[in-house]
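Undergrad: Got a file for you: input-v4.txt, compact mmCIF, C-alpha atoms (C1' of nucleotides).
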```txt
# COMPACT_ATOMS: atom_id res chain seq x y z
CA MET A 1 0.00 0.00 0.00
CA SER A 2 1.90 3.03 -1.24
CA ASN A 3 0.98 6.36 0.27
CA HIS A 4 1.43 9.16 -2.21
CA LEU A 5 1.19 11.74 0.55
CA LEU A 6 4.66 10.89 1.86
CA LEU A 7 6.86 13.94 2.15
CA GLU A 8 9.91 11.93 1.17
CA LYS A 9 8.41 10.90 -2.14
CA GLN A 10 7.57 14.36 -3.35
CA LEU A 11 9.59 16.09 -6.01
CA CYS A 12 8.26 19.44 -4.85
CA PHE A 13 9.73 18.92 -1.41
CA ARG A 14 13.19 18.26 -2.83
CA ILE A 15 13.03 21.43 -4.90
CA TYR A 16 11.79 23.37 -1.89
CA THR A 17 14.58 22.03 0.31
CA LEU A 18 17.24 22.51 -2.33
CA ASN A 19 16.19 26.08 -2.91
CA LYS A 20 16.55 26.98 0.75
CA LEU A 21 19.82 25.06 0.97
CA MET A 22 21.26 26.95 -2.00
CA GLY A 23 20.22 30.24 -0.46
CA ARG A 24 22.11 29.38 2.71
CA LEU A 25 25.18 28.18 0.85
CA TYR A 26 25.32 31.35 -1.22
CA ALA A 27 24.82 33.54 1.85
CA PRO A 28 28.47 33.75 3.00
CA ALA A 29 29.77 34.63 -0.47
CA LEU A 30 26.96 37.10 -1.08
CA LYS A 31 27.49 38.73 2.28
CA GLU A 32 30.82 40.00 0.95
CA LEU A 33 28.95 41.60 -1.93
CA ALA A 34 26.22 42.84 0.42
CA LEU A 35 23.68 41.21 -1.90
CA THR A 36 20.76 38.95 -1.21
CA TYR A 37 20.29 35.91 -3.40
CA PRO A 38 17.53 37.43 -5.59
CA GLN A 39 19.58 40.60 -5.86
CA TYR A 40 22.52 38.52 -7.03
CA LEU A 41 20.33 36.96 -9.72
CA ALA A 42 19.26 40.43 -10.81
CA MET A 43 22.92 41.45 -11.02
CA LEU A 44 23.66 38.43 -13.22
CA VAL A 45 21.11 39.74 -15.70
CA LEU A 46 22.34 43.32 -15.44
CA TRP A 47 25.95 42.32 -16.01
CA GLN A 48 24.78 40.86 -19.31
CA HIS A 49 23.00 44.10 -20.22
CA PRO A 50 25.43 46.96 -19.77
CA GLU A 51 23.18 49.09 -21.96
CA GLY A 52 20.36 48.77 -19.47
CA ILE A 53 17.17 46.75 -19.35
CA SER A 54 13.52 47.47 -18.60
CA VAL A 55 11.87 46.26 -15.41
CA LYS A 56 9.51 44.18 -17.52
CA SER A 57 12.30 42.45 -19.42
CA LEU A 58 14.24 41.86 -16.22
CA GLY A 59 11.09 40.37 -14.74
CA GLN A 60 10.67 38.04 -17.69
CA GLN A 61 14.20 36.74 -17.35
CA LEU A 62 13.92 36.26 -13.60
CA ASP A 63 10.31 35.11 -13.68
CA LEU A 64 9.30 37.84 -11.23
CA ASP A 65 6.61 40.50 -11.39
CA SER A 66 6.80 44.18 -10.52
CA GLY A 67 5.34 43.44 -7.10
CA THR A 68 8.61 41.77 -6.21
CA LEU A 69 10.97 43.71 -8.44
CA SER A 70 9.92 47.28 -7.71
CA PRO A 71 10.87 47.25 -4.03
CA LEU A 72 13.93 45.06 -4.70
CA LEU A 73 15.24 47.48 -7.32
CA LYS A 74 14.51 50.42 -5.07
CA ARG A 75 16.66 48.90 -2.37
CA MET A 76 19.44 48.26 -4.86
CA GLU A 77 19.19 51.82 -6.10
CA LYS A 78 19.55 53.06 -2.54
CA GLU A 79 22.73 51.00 -2.33
CA GLN A 80 23.90 52.78 -5.48
CA LEU A 81 24.21 49.53 -7.41
CA LEU A 82 21.95 50.77 -10.21
CA SER A 83 19.86 53.63 -11.50
CA ARG A 84 16.18 53.69 -12.41
CA GLU A 85 14.98 56.07 -15.07
CA ARG A 86 11.81 56.33 -17.11
CA LEU A 87 12.13 56.25 -20.89
CA VAL A 88 11.42 59.58 -22.55
CA THR A 89 9.92 57.77 -25.53
CA ASP A 90 7.57 55.72 -23.32
CA GLU A 91 7.04 57.01 -19.84
CA ARG A 92 5.55 53.72 -18.69
CA VAL A 93 8.90 51.97 -19.02
CA VAL A 94 11.55 52.17 -16.30
CA MET A 95 15.06 51.38 -17.51
CA ILE A 96 17.52 49.84 -15.07
CA LYS A 97 21.19 50.65 -15.60
CA LEU A 98 24.20 49.51 -13.65
CA ALA A 99 25.89 52.18 -11.56
CA PRO A 100 29.70 52.11 -11.22
CA LYS A 101 29.48 50.34 -7.88
CA GLY A 102 27.28 47.68 -9.47
CA LYS A 103 29.70 47.17 -12.33
CA GLN A 104 32.62 46.78 -9.98
CA LEU A 105 30.88 43.99 -8.12
CA GLN A 106 31.18 41.74 -11.15
CA THR A 107 34.90 41.33 -10.55
CA VAL A 108 34.31 40.37 -6.94
CA ALA A 109 31.57 37.90 -7.92
CA LYS A 110 33.62 36.23 -10.63
CA ASP A 111 34.55 33.14 -8.67
CA ILE A 112 31.21 32.43 -7.03
CA PRO A 113 29.86 30.01 -9.66
CA GLU A 114 33.02 27.89 -9.62
CA ASN A 115 33.07 27.79 -5.85
CA MET A 116 29.44 26.81 -5.65
CA PHE A 117 29.95 24.13 -8.27
CA SER A 118 32.65 22.50 -6.20
CA LEU A 119 30.21 22.25 -3.29
CA THR A 120 27.88 20.07 -5.35
CA GLY A 121 30.39 17.26 -5.50
CA PHE A 122 29.09 16.51 -8.98
CA THR A 123 31.14 15.90 -12.09
CA PRO A 124 30.61 18.41 -14.91
CA ASP A 125 28.88 15.66 -16.89
CA LYS A 126 26.53 14.84 -14.09
CA LEU A 127 25.73 18.50 -13.55
CA VAL A 128 24.91 18.95 -17.22
CA GLN A 129 22.67 15.92 -17.11
CA LEU A 130 20.85 17.29 -14.09
CA THR A 131 20.40 20.78 -15.47
CA THR A 132 19.14 19.32 -18.73
CA SER A 133 16.49 17.38 -16.83
CA LEU A 134 15.53 20.45 -14.86
CA ASP A 135 15.26 22.57 -18.00
CA GLU A 136 13.02 19.97 -19.52
CA LEU A 137 10.89 19.87 -16.39
CA ILE A 138 10.60 23.67 -16.26
CA ASP A 139 9.60 23.62 -19.89
CA ASN A 140 6.91 21.00 -19.34
CA LEU A 141 5.52 22.78 -16.29
CA ASN A 142 5.33 26.05 -18.22
CA ASN A 143 3.32 24.15 -20.83
CA MET B 1 35.62 32.50 -23.62
CA SER B 2 32.97 31.03 -21.30
CA ASN B 3 31.37 33.39 -18.82
CA HIS B 4 30.47 31.58 -15.67
CA LEU B 5 28.30 34.47 -14.56
CA LEU B 6 25.59 33.63 -17.08
CA LEU B 7 22.19 33.25 -15.49
CA GLU B 8 21.26 30.48 -17.90
CA LYS B 9 24.17 28.33 -16.84
CA GLN B 10 23.45 28.36 -13.15
CA LEU B 11 21.97 25.38 -11.39
CA CYS B 12 20.81 27.64 -8.58
CA PHE B 13 18.68 29.65 -10.95
CA ARG B 14 16.90 26.56 -12.21
CA ILE B 15 16.13 25.46 -8.68
CA TYR B 16 14.96 28.96 -7.81
CA THR B 17 12.70 29.09 -10.88
CA LEU B 18 11.35 25.60 -10.35
CA ASN B 19 10.52 26.32 -6.75
CA LYS B 20 8.42 29.33 -7.65
CA LEU B 21 6.83 27.45 -10.54
CA MET B 22 5.84 24.57 -8.28
CA GLY B 23 4.35 26.98 -5.78
CA ARG B 24 2.18 28.49 -8.50
CA LEU B 25 1.13 25.10 -9.87
CA TYR B 26 0.13 23.88 -6.42
CA ALA B 27 -1.76 27.06 -5.65
CA PRO B 28 -5.09 26.17 -7.29
CA ALA B 29 -5.26 22.74 -5.63
CA LEU B 30 -4.17 24.14 -2.28
CA LYS B 31 -6.68 26.94 -2.46
CA GLU B 32 -9.39 24.31 -2.11
CA LEU B 33 -7.72 23.17 1.10
CA ALA B 34 -7.17 26.77 2.20
CA LEU B 35 -3.51 25.89 2.73
CA THR B 36 -0.34 27.60 1.64
CA TYR B 37 2.41 25.49 0.15
CA PRO B 38 4.57 25.37 3.33
CA GLN B 39 1.45 24.65 5.35
CA TYR B 40 0.71 21.74 3.00
CA LEU B 41 4.22 20.38 3.60
CA ALA B 42 3.64 20.65 7.32
CA MET B 43 0.39 18.74 6.91
CA LEU B 44 2.21 15.99 5.01
CA VAL B 45 4.41 15.48 8.07
CA LEU B 46 1.52 15.68 10.51
CA TRP B 47 -0.53 13.13 8.57
CA GLN B 48 2.36 10.75 9.11
CA HIS B 49 2.39 11.49 12.84
CA PRO B 50 -1.15 11.07 14.17
CA GLU B 51 0.30 10.80 17.66
CA GLY B 52 1.71 14.31 17.42
CA ILE B 53 5.17 15.75 16.86
CA SER B 54 7.31 18.41 18.50
CA VAL B 55 8.00 21.72 16.79
CA LYS B 56 11.68 20.84 16.79
CA SER B 57 11.15 17.49 15.08
CA LEU B 58 8.79 19.03 12.57
CA GLY B 59 11.42 21.66 11.87
CA GLN B 60 14.06 19.01 11.28
CA GLN B 61 11.89 17.22 8.76
CA LEU B 62 10.94 20.41 6.93
CA ASP B 63 14.34 22.03 7.34
CA LEU B 64 12.77 25.08 9.00
CA ASP B 65 13.52 26.81 12.28
CA SER B 66 11.13 28.07 14.93
CA GLY B 67 11.36 31.56 13.49
CA THR B 68 9.39 30.30 10.52
CA LEU B 69 7.40 27.55 12.17
CA SER B 70 6.07 29.34 15.24
CA PRO B 71 3.99 31.90 13.36
CA LEU B 72 3.02 29.36 10.68
CA LEU B 73 1.74 26.90 13.28
CA LYS B 74 -0.07 29.66 15.11
CA ARG B 75 -1.94 30.53 11.94
CA MET B 76 -2.80 26.87 11.39
CA GLU B 77 -4.00 26.59 14.97
CA LYS B 78 -6.27 29.57 14.44
CA GLU B 79 -7.72 27.71 11.43
CA GLN B 80 -8.36 24.78 13.79
CA LEU B 81 -6.16 22.46 11.73
CA LEU B 82 -4.03 21.51 14.73
CA SER B 83 -3.43 22.05 18.42
CA ARG B 84 -0.28 23.26 20.19
CA GLU B 85 0.41 22.10 23.72
CA ARG B 86 3.48 22.14 25.93
CA LEU B 87 4.69 18.81 27.27
CA VAL B 88 4.11 18.37 31.00
CA THR B 89 7.33 16.37 31.25
CA ASP B 90 9.37 19.08 29.51
CA GLU B 91 7.80 22.48 29.37
CA ARG B 92 10.22 23.62 26.69
CA VAL B 93 8.68 21.30 24.13
CA VAL B 94 5.53 22.19 22.21
CA MET B 95 3.70 19.23 20.76
CA ILE B 96 1.68 19.65 17.57
CA LYS B 97 -1.36 17.42 17.11
CA LEU B 98 -3.81 17.26 14.26
CA ALA B 99 -7.29 18.58 15.03
CA PRO B 100 -10.30 16.83 13.42
CA LYS B 101 -10.45 19.42 10.67
CA GLY B 102 -6.78 18.81 9.88
CA LYS B 103 -7.30 15.06 9.74
CA GLN B 104 -10.22 15.41 7.37
CA LEU B 105 -8.14 17.39 4.93
CA GLN B 106 -6.06 14.32 4.17
CA THR B 107 -8.92 12.80 2.21
CA VAL B 108 -9.32 15.95 0.15
CA ALA B 109 -5.57 16.14 -0.49
CA LYS B 110 -5.26 12.51 -1.55
CA ASP B 111 -5.10 13.13 -5.28
CA ILE B 112 -2.78 16.13 -5.30
CA PRO B 113 0.51 14.22 -5.76
CA GLU B 114 -0.84 12.23 -8.71
CA ASN B 115 -2.24 15.33 -10.35
CA MET B 116 1.00 17.22 -9.92
CA PHE B 117 2.98 14.31 -11.28
CA SER B 118 0.97 14.32 -14.47
CA LEU B 119 1.91 17.97 -14.98
CA THR B 120 5.59 17.09 -15.09
CA GLY B 121 5.19 15.15 -18.31
CA PHE B 122 7.88 12.78 -17.04
CA THR B 123 7.77 9.02 -17.04
CA PRO B 124 7.91 7.39 -13.59
CA ASP B 125 11.41 6.16 -14.44
CA LYS B 126 12.58 9.59 -15.40
CA LEU B 127 11.10 11.10 -12.27
CA VAL B 128 12.85 8.54 -10.09
CA GLN B 129 16.10 9.27 -11.84
CA LEU B 130 15.68 12.99 -11.25
CA THR B 131 14.70 12.69 -7.60
CA THR B 132 17.64 10.37 -7.02
CA SER B 133 19.99 12.99 -8.45
CA LEU B 134 18.39 15.68 -6.33
CA ASP B 135 18.66 13.59 -3.18
CA GLU B 136 22.31 13.01 -3.90
CA LEU B 137 22.83 16.73 -4.47
CA ILE B 138 21.02 17.66 -1.25
CA ASP B 139 23.16 15.14 0.56
CA ASN B 140 26.38 16.54 -0.85
CA LEU B 141 25.41 20.12 -0.10
CA ASN B 142 24.56 19.20 3.48
CA ASN B 143 28.06 17.70 3.73
C1' DC C 1 -10.12 62.88 -32.59
C1' DA C 2 -12.50 60.42 -28.52
C1' DC C 3 -12.25 56.81 -25.56
C1' DA C 4 -12.05 52.02 -24.38
C1' DA C 5 -8.53 48.58 -23.94
C1' DT C 6 -4.01 47.50 -23.00
C1' DT C 7 0.42 47.97 -20.92
C1' DA C 8 4.21 49.00 -17.33
C1' DA C 9 5.22 50.09 -12.71
C1' DG C 10 4.09 50.71 -8.32
C1' DT C 11 1.40 49.81 -3.94
C1' DT C 12 -0.88 47.02 -0.40
C1' DG C 13 -1.43 43.11 2.33
C1' DC C 14 -0.27 38.52 3.65
C1' DG C 15 2.73 34.60 4.37
C1' DT C 16 6.94 32.74 4.40
C1' DA C 17 12.52 32.31 5.40
C1' DC C 18 16.03 33.37 8.30
C1' DA C 19 19.50 35.82 11.22
C1' DA C 20 19.75 37.47 15.68
C1' DT C 21 17.98 37.89 20.04
C1' DT C 22 15.05 36.73 24.07
C1' DT C 23 12.67 33.82 27.42
C1' DA C 24 12.07 29.96 30.03
C1' DA C 25 13.05 25.23 31.20
C1' DT C 26 16.29 21.50 31.70
C1' DT C 27 20.87 19.38 32.02
C1' DG C 28 25.53 18.94 33.29
C1' DT C 29 29.33 20.00 36.39
C1' DG C 30 31.86 20.80 40.34
C1' DC D 1 22.71 21.69 45.73
C1' DA D 2 24.27 25.96 42.94
C1' DC D 3 24.82 27.67 38.61
C1' DA D 4 26.80 27.75 34.10
C1' DA D 5 25.69 25.66 29.74
C1' DT D 6 22.43 23.92 26.80
C1' DT D 7 18.01 23.43 24.72
C1' DA D 8 13.20 24.60 22.70
C1' DA D 9 10.17 28.14 21.32
C1' DA D 10 9.02 32.54 20.51
C1' DT D 11 10.00 37.27 19.06
C1' DT D 12 11.99 40.98 16.18
C1' DG D 13 13.41 42.86 11.98
C1' DT D 14 14.45 42.51 7.06
C1' DA D 15 13.62 40.83 2.44
C1' DC D 16 11.39 38.32 -0.71
C1' DG D 17 7.05 36.31 -3.71
C1' DC D 18 2.70 37.00 -5.21
C1' DA D 19 -2.30 38.11 -5.64
C1' DA D 20 -5.04 41.98 -6.12
C1' DC D 21 -5.39 46.57 -6.98
C1' DT D 22 -4.05 51.35 -8.44
C1' DT D 23 -1.93 54.82 -11.37
C1' DA D 24 -0.40 56.66 -15.43
C1' DA D 25 0.90 56.31 -20.22
C1' DT D 26 0.17 54.38 -24.73
C1' DT D 27 -2.36 51.93 -28.33
C1' DG D 28 -6.24 50.51 -30.95
C1' DT D 29 -10.85 51.31 -32.77
C1' DG D 30 -14.64 53.47 -34.62
```
Please render this file's structure as structure tokens.
TA:
Amino acid sequence: MSNHLLLEKQLCFRIYTLNKLMGRLYAPALKELALTYPQYLAMLVLWQHPEGISVKSLGQQLDLDSGTLSPLLKRMEKEQLLSRERLVTDERVVMIKLAPKGKQLQTVAKDIPENMFSLTGFTPDKLVQLTTSLDELIDNLNN
Amino acid sequence: MSNHLLLEKQLCFRIYTLNKLMGRLYAPALKELALTYPQYLAMLVLWQHPEGISVKSLGQQLDLDSGTLSPLLKRMEKEQLLSRERLVTDERVVMIKLAPKGKQLQTVAKDIPENMFSLTGFTPDKLVQLTTSLDELIDNLNN
DNA sequence: CACAATTAAGTTGCGTACAATTTAATTGTG
DNA sequence: CACAATTAAATTGTACGCAACTTAATTGTG
């Protein structure tokens, strides 16, 4: 008699646990950058868009809405990591641009991915296999 | 020249995205139970412990501390899903027991895991393979 | 051109997470 | 037994996520 309501059997619980675990493992490294984990993810996007990016586009890449992003970006602006400015050509759009302090952080953050990878104890092959599965799953769940 | 600071390459970002995605996919089903996702996870543990369980033990199974659990359990108590009572033999310990309303919810929740599984679009084999990888990863990250 | 519909951000309110601290009870040690 | 150390919950404060709503600008349609 298999009980499907067992915590240990649930994929969702593993994802939930892993997400919190990752957050805690990133914490020490991110503390040096004075970034939270979601702020770090936002910086990853911004470092790829030196020309700036709209809040909407940032939200699409991070899968976050303005309800989360607006206050987050405000806090980061206060820390002088970025600037927020409305487009003259379309006043609805707020463009986010890296400030000098935000740009400089990239150098400091450079080694974080490698260091985190080593914590997984996975081989590169195994990691690729896992991320491929996860991408497929994300795709399926997004329909 | 590979840039390790690419969002798309990061395992952590996939986990982060998946976690939010799962939360949203569970939301409609959980709305019928009037439970949040973490509350549902707590119920999964409680359904396995009809005799009751301490806050500490619940926290160990969910990987949550009292800072999160205390207010969460208080809200669930107010909804008459469970009771909270200090042990007479050790007044530090608060025991959580399912209330009748909490027990009844198990029947309503019975089909949730199956329904969520079908959303993944994965074969049972593939799902087992993925969860095995995730368990291994969680294990490694916990050292 | 008028004006309804759409779009982009922001705001509000609620429920987590979690670090840091506090409170109270119990245990260990001399 | 006294009392320092430990333990279990709770509290405080900050930062997400997100649903629901608001505000303001732009677009589409007749």
Undergrad: Return as a list in words the residues belonging to chain B that are within 6 Å of chain A, counting only C-alpha atoms.
TA: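 Taken together, these residues fit the definition: Leu7, Ile15, Tyr16, Asn19, Leu44, Thr120, Asn140 and Leu141 of chain B.
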Undergrad: What does the file look like for those residues with C-alpha atoms, as an mmCIF file, in the coordinates of the input?
TA:
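The resulting file, selection16.cif, is shown below:
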```cif
data_model
loop_
_atom_site.group_PDB
_atom_site.id
_atom_site.type_symbol
_atom_site.label_atom_id
_atom_site.label_comp_id
_atom_site.auth_asym_id
_atom_site.auth_seq_id
_atom_site.Cartn_x
_atom_site.Cartn_y
_atom_site.Cartn_z
ATOM 1 C CA LEU B 7 22.190 33.250 -15.490
ATOM 2 C CA ILE B 15 16.130 25.460 -8.680
ATOM 3 C CA TYR B 16 14.960 28.960 -7.810
ATOM 4 C CA ASN B 19 10.520 26.320 -6.750
ATOM 5 C CA LEU B 44 2.210 15.990 5.010
ATOM 6 C CA THR B 120 5.590 17.090 -15.090
ATOM 7 C CA ASN B 140 26.380 16.540 -0.850
ATOM 8 C CA LEU B 141 25.410 20.120 -0.100
#
```
Undergrad: Any chance you could dump chain A, least-squares fitted to chain B on all C-alpha atoms in order, as a short mmCIF file (atom, residue, chain, number, x, y, z; two decimals) with C-alpha atoms, in the coordinates of the input?
TA:
```
data_model
loop_
_atom_site.label_atom_id
_atom_site.label_comp_id
_atom_site.auth_asym_id
_atom_site.auth_seq_id
_atom_site.Cartn_x
_atom_site.Cartn_y
_atom_site.Cartn_z
CA MET A 1 35.48 32.59 -23.75
CA SER A 2 32.91 31.09 -21.41
CA ASN A 3 31.32 33.42 -18.91
CA HIS A 4 30.44 31.61 -15.72
CA LEU A 5 28.25 34.50 -14.61
CA LEU A 6 25.54 33.62 -17.13
CA LEU A 7 22.15 33.25 -15.51
CA GLU A 8 21.22 30.48 -17.91
CA LYS A 9 24.14 28.33 -16.87
CA GLN A 10 23.43 28.37 -13.18
CA LEU A 11 21.97 25.40 -11.39
CA CYS A 12 20.81 27.65 -8.58
CA PHE A 13 18.68 29.66 -10.96
CA ARG A 14 16.89 26.55 -12.20
CA ILE A 15 16.13 25.47 -8.65
CA TYR A 16 14.95 28.97 -7.80
CA THR A 17 12.69 29.11 -10.85
CA LEU A 18 11.38 25.60 -10.35
CA ASN A 19 10.54 26.29 -6.75
CA LYS A 20 8.43 29.32 -7.62
CA LEU A 21 6.84 27.45 -10.52
CA MET A 22 5.85 24.55 -8.26
CA GLY A 23 4.37 26.96 -5.76
CA ARG A 24 2.18 28.46 -8.47
CA LEU A 25 1.14 25.10 -9.84
CA TYR A 26 0.15 23.86 -6.40
CA ALA A 27 -1.75 27.06 -5.64
CA PRO A 28 -5.09 26.15 -7.28
CA ALA A 29 -5.25 22.73 -5.61
CA LEU A 30 -4.15 24.13 -2.26
CA LYS A 31 -6.66 26.94 -2.47
CA GLU A 32 -9.39 24.32 -2.09
CA LEU A 33 -7.71 23.18 1.11
CA ALA A 34 -7.13 26.78 2.19
CA LEU A 35 -3.47 25.89 2.71
CA THR A 36 -0.31 27.59 1.62
CA TYR A 37 2.45 25.48 0.15
CA PRO A 38 4.60 25.36 3.33
CA GLN A 39 1.47 24.63 5.33
CA TYR A 40 0.73 21.75 2.99
CA LEU A 41 4.22 20.37 3.59
CA ALA A 42 3.64 20.64 7.33
CA MET A 43 0.38 18.73 6.92
CA LEU A 44 2.20 15.97 5.02
CA VAL A 45 4.40 15.47 8.07
CA LEU A 46 1.49 15.68 10.50
CA TRP A 47 -0.55 13.14 8.57
CA GLN A 48 2.34 10.74 9.13
CA HIS A 49 2.36 11.48 12.86
CA PRO A 50 -1.17 11.09 14.17
CA GLU A 51 0.27 10.82 17.67
CA GLY A 52 1.68 14.32 17.43
CA ILE A 53 5.13 15.73 16.87
CA SER A 54 7.28 18.39 18.51
CA VAL A 55 8.00 21.70 16.80
CA LYS A 56 11.68 20.81 16.80
CA SER A 57 11.14 17.46 15.10
CA LEU A 58 8.77 19.01 12.59
CA GLY A 59 11.41 21.63 11.90
CA GLN A 60 14.05 18.98 11.31
CA GLN A 61 11.89 17.18 8.79
CA LEU A 62 10.96 20.37 6.96
CA ASP A 63 14.36 21.99 7.36
CA LEU A 64 12.80 25.04 9.01
CA ASP A 65 13.54 26.79 12.29
CA SER A 66 11.16 28.06 14.94
CA GLY A 67 11.39 31.55 13.46
CA THR A 68 9.42 30.28 10.50
CA LEU A 69 7.42 27.53 12.16
CA SER A 70 6.10 29.32 15.23
CA PRO A 71 4.02 31.89 13.35
CA LEU A 72 3.05 29.34 10.67
CA LEU A 73 1.76 26.90 13.27
CA LYS A 74 -0.05 29.67 15.08
CA ARG A 75 -1.91 30.53 11.92
CA MET A 76 -2.79 26.89 11.37
CA GLU A 77 -3.99 26.61 14.94
CA LYS A 78 -6.23 29.61 14.39
CA GLU A 79 -7.68 27.76 11.42
CA GLN A 80 -8.34 24.83 13.76
CA LEU A 81 -6.16 22.49 11.72
CA LEU A 82 -4.03 21.56 14.73
CA SER A 83 -3.44 22.08 18.41
CA ARG A 84 -0.30 23.26 20.19
CA GLU A 85 0.37 22.09 23.71
CA ARG A 86 3.43 22.09 25.93
CA LEU A 87 4.63 18.76 27.29
CA VAL A 88 4.06 18.34 31.01
CA THR A 89 7.26 16.32 31.27
CA ASP A 90 9.31 19.03 29.52
CA GLU A 91 7.75 22.44 29.37
CA ARG A 92 10.18 23.59 26.70
CA VAL A 93 8.64 21.25 24.14
CA VAL A 94 5.49 22.17 22.22
CA MET A 95 3.66 19.19 20.76
CA ILE A 96 1.66 19.66 17.57
CA LYS A 97 -1.38 17.44 17.11
CA LEU A 98 -3.83 17.29 14.25
CA ALA A 99 -7.29 18.62 15.01
CA PRO A 100 -10.31 16.90 13.40
CA LYS A 101 -10.46 19.48 10.64
CA GLY A 102 -6.79 18.84 9.88
CA LYS A 103 -7.32 15.10 9.73
CA GLN A 104 -10.24 15.46 7.37
CA LEU A 105 -8.14 17.43 4.92
CA GLN A 106 -6.07 14.35 4.17
CA THR A 107 -8.94 12.83 2.21
CA VAL A 108 -9.33 15.98 0.15
CA ALA A 109 -5.57 16.16 -0.50
CA LYS A 110 -5.27 12.53 -1.54
CA ASP A 111 -5.10 13.13 -5.27
CA ILE A 112 -2.77 16.12 -5.30
CA PRO A 113 0.50 14.21 -5.75
CA GLU A 114 -0.84 12.21 -8.70
CA ASN A 115 -2.22 15.31 -10.34
CA MET A 116 1.00 17.21 -9.90
CA PHE A 117 2.98 14.28 -11.26
CA SER A 118 0.98 14.31 -14.46
CA LEU A 119 1.91 17.96 -14.96
CA THR A 120 5.60 17.08 -15.08
CA GLY A 121 5.19 15.15 -18.29
CA PHE A 122 7.87 12.79 -17.01
CA THR A 123 7.77 9.02 -17.01
CA PRO A 124 7.92 7.39 -13.57
CA ASP A 125 11.42 6.16 -14.42
CA LYS A 126 12.61 9.58 -15.38
CA LEU A 127 11.12 11.09 -12.25
CA VAL A 128 12.88 8.54 -10.07
CA GLN A 129 16.14 9.27 -11.82
CA LEU A 130 15.70 12.98 -11.24
CA THR A 131 14.74 12.69 -7.60
CA THR A 132 17.68 10.37 -7.02
CA SER A 133 20.02 13.00 -8.44
CA LEU A 134 18.43 15.68 -6.32
CA ASP A 135 18.70 13.58 -3.17
CA GLU A 136 22.34 13.03 -3.90
CA LEU A 137 22.86 16.73 -4.47
CA ILE A 138 21.06 17.67 -1.25
CA ASP A 139 23.20 15.15 0.56
CA ASN A 140 26.43 16.56 -0.86
CA LEU A 141 25.43 20.14 -0.11
CA ASN A 142 24.59 19.21 3.48
CA ASN A 143 28.10 17.75 3.70
#
```
Undergrad: If I take atom CA of Ile53 of chain A and atom CA of Pro100 of chain A, how far is one from the other in Å, to one decimal?
TA: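 Between atom CA of Ile53 of chain A and atom CA of Pro100 of chain A the gap is 15.9 Å.
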Undergrad: I need the contact residues of chain A against chain C, so if you could list those with any atom within 7 Å, counting only C-alpha atoms (C1' of nucleotides), and return them as a PDB file with C-alpha atoms, in the frame of the given file, that would help.
TA:
```
ATOM      1  CA  SER A  66       6.800  44.180 -10.520  1.00  0.00           C
ATOM      2  CA  SER A  70       9.920  47.280  -7.710  1.00  0.00           C
ATOM      3  CA  ARG A  92       5.550  53.720 -18.690  1.00  0.00           C
ATOM      4  CA  VAL A  93       8.900  51.970 -19.020  1.00  0.00           C
TER       5      VAL A  93
END
```
Undergrad: Hey, could you make a per-residue contact list for chain D against chain A with 10 Å as the cut-off, showing the nearest pair of atoms and its distance in Å to one decimal, counting all atoms listed in the file, sorted by chain and number, as JSON lines?
TA:
```
{"residue": "D:DA15", "atom": "C1'", "partner": "A:Thr36", "partner_atom": "CA", "distance": 8.2}
{"residue": "D:DC16", "atom": "C1'", "partner": "A:Thr68", "partner_atom": "CA", "distance": 7.1}
{"residue": "D:DG17", "atom": "C1'", "partner": "A:Thr68", "partner_atom": "CA", "distance": 6.2}
{"residue": "D:DC18", "atom": "C1'", "partner": "A:Gly67", "partner_atom": "CA", "distance": 7.2}
{"residue": "D:DA19", "atom": "C1'", "partner": "A:Gly67", "partner_atom": "CA", "distance": 9.4}
{"residue": "D:DA24", "atom": "C1'", "partner": "A:Arg92", "partner_atom": "CA", "distance": 7.4}
{"residue": "D:DA25", "atom": "C1'", "partner": "A:Arg92", "partner_atom": "CA", "distance": 5.5}
{"residue": "D:DT26", "atom": "C1'", "partner": "A:Asp90", "partner_atom": "CA", "distance": 7.7}
```
Undergrad: Using all atoms listed in the file - which residues lie no farther than 6 Å from the point (10.6, 24.0, 20.2) in the file's frame? Write them as JSON, numbers by chain.
TA: {"B": [55, 56, 93, 94], "D": [8, 9]}
Undergrad: In Å, rounded to a single decimal, give me how far atom CA of Leu35 of chain B is from atom CA of Leu87 of chain B.
TA: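 Pair atom CA of Leu87 of chain B / atom CA of Leu35 of chain B returns 26.8 Å.
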Undergrad: Would you list the contacts of Glu51 of chain B as a PDB file with C-alpha atoms, in the frame of the given file, taking every protein, DNA or RNA residue within 9 Å and counting only C-alpha atoms (C1' of nucleotides), but skipping same-chain residues closer than 4 positions in sequence?
TA:
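part.pdb written:
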```pdb
ATOM      1  CA  LEU B  46       1.520  15.680  10.510  1.00  0.00           C
ATOM      2  CA  ILE B  96       1.680  19.650  17.570  1.00  0.00           C
ATOM      3  CA  LYS B  97      -1.360  17.420  17.110  1.00  0.00           C
ATOM      4  CA  LEU B  98      -3.810  17.260  14.260  1.00  0.00           C
TER       5      LEU B  98
END
```
Undergrad: Could you check how far atom CA of Lys78 of chain B sits from atom CA of Met95 of chain B, in Å to one decimal?
TA: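 Calculated distance between atom CA of Lys78 of chain B and atom CA of Met95 of chain B is 15.7 Å.
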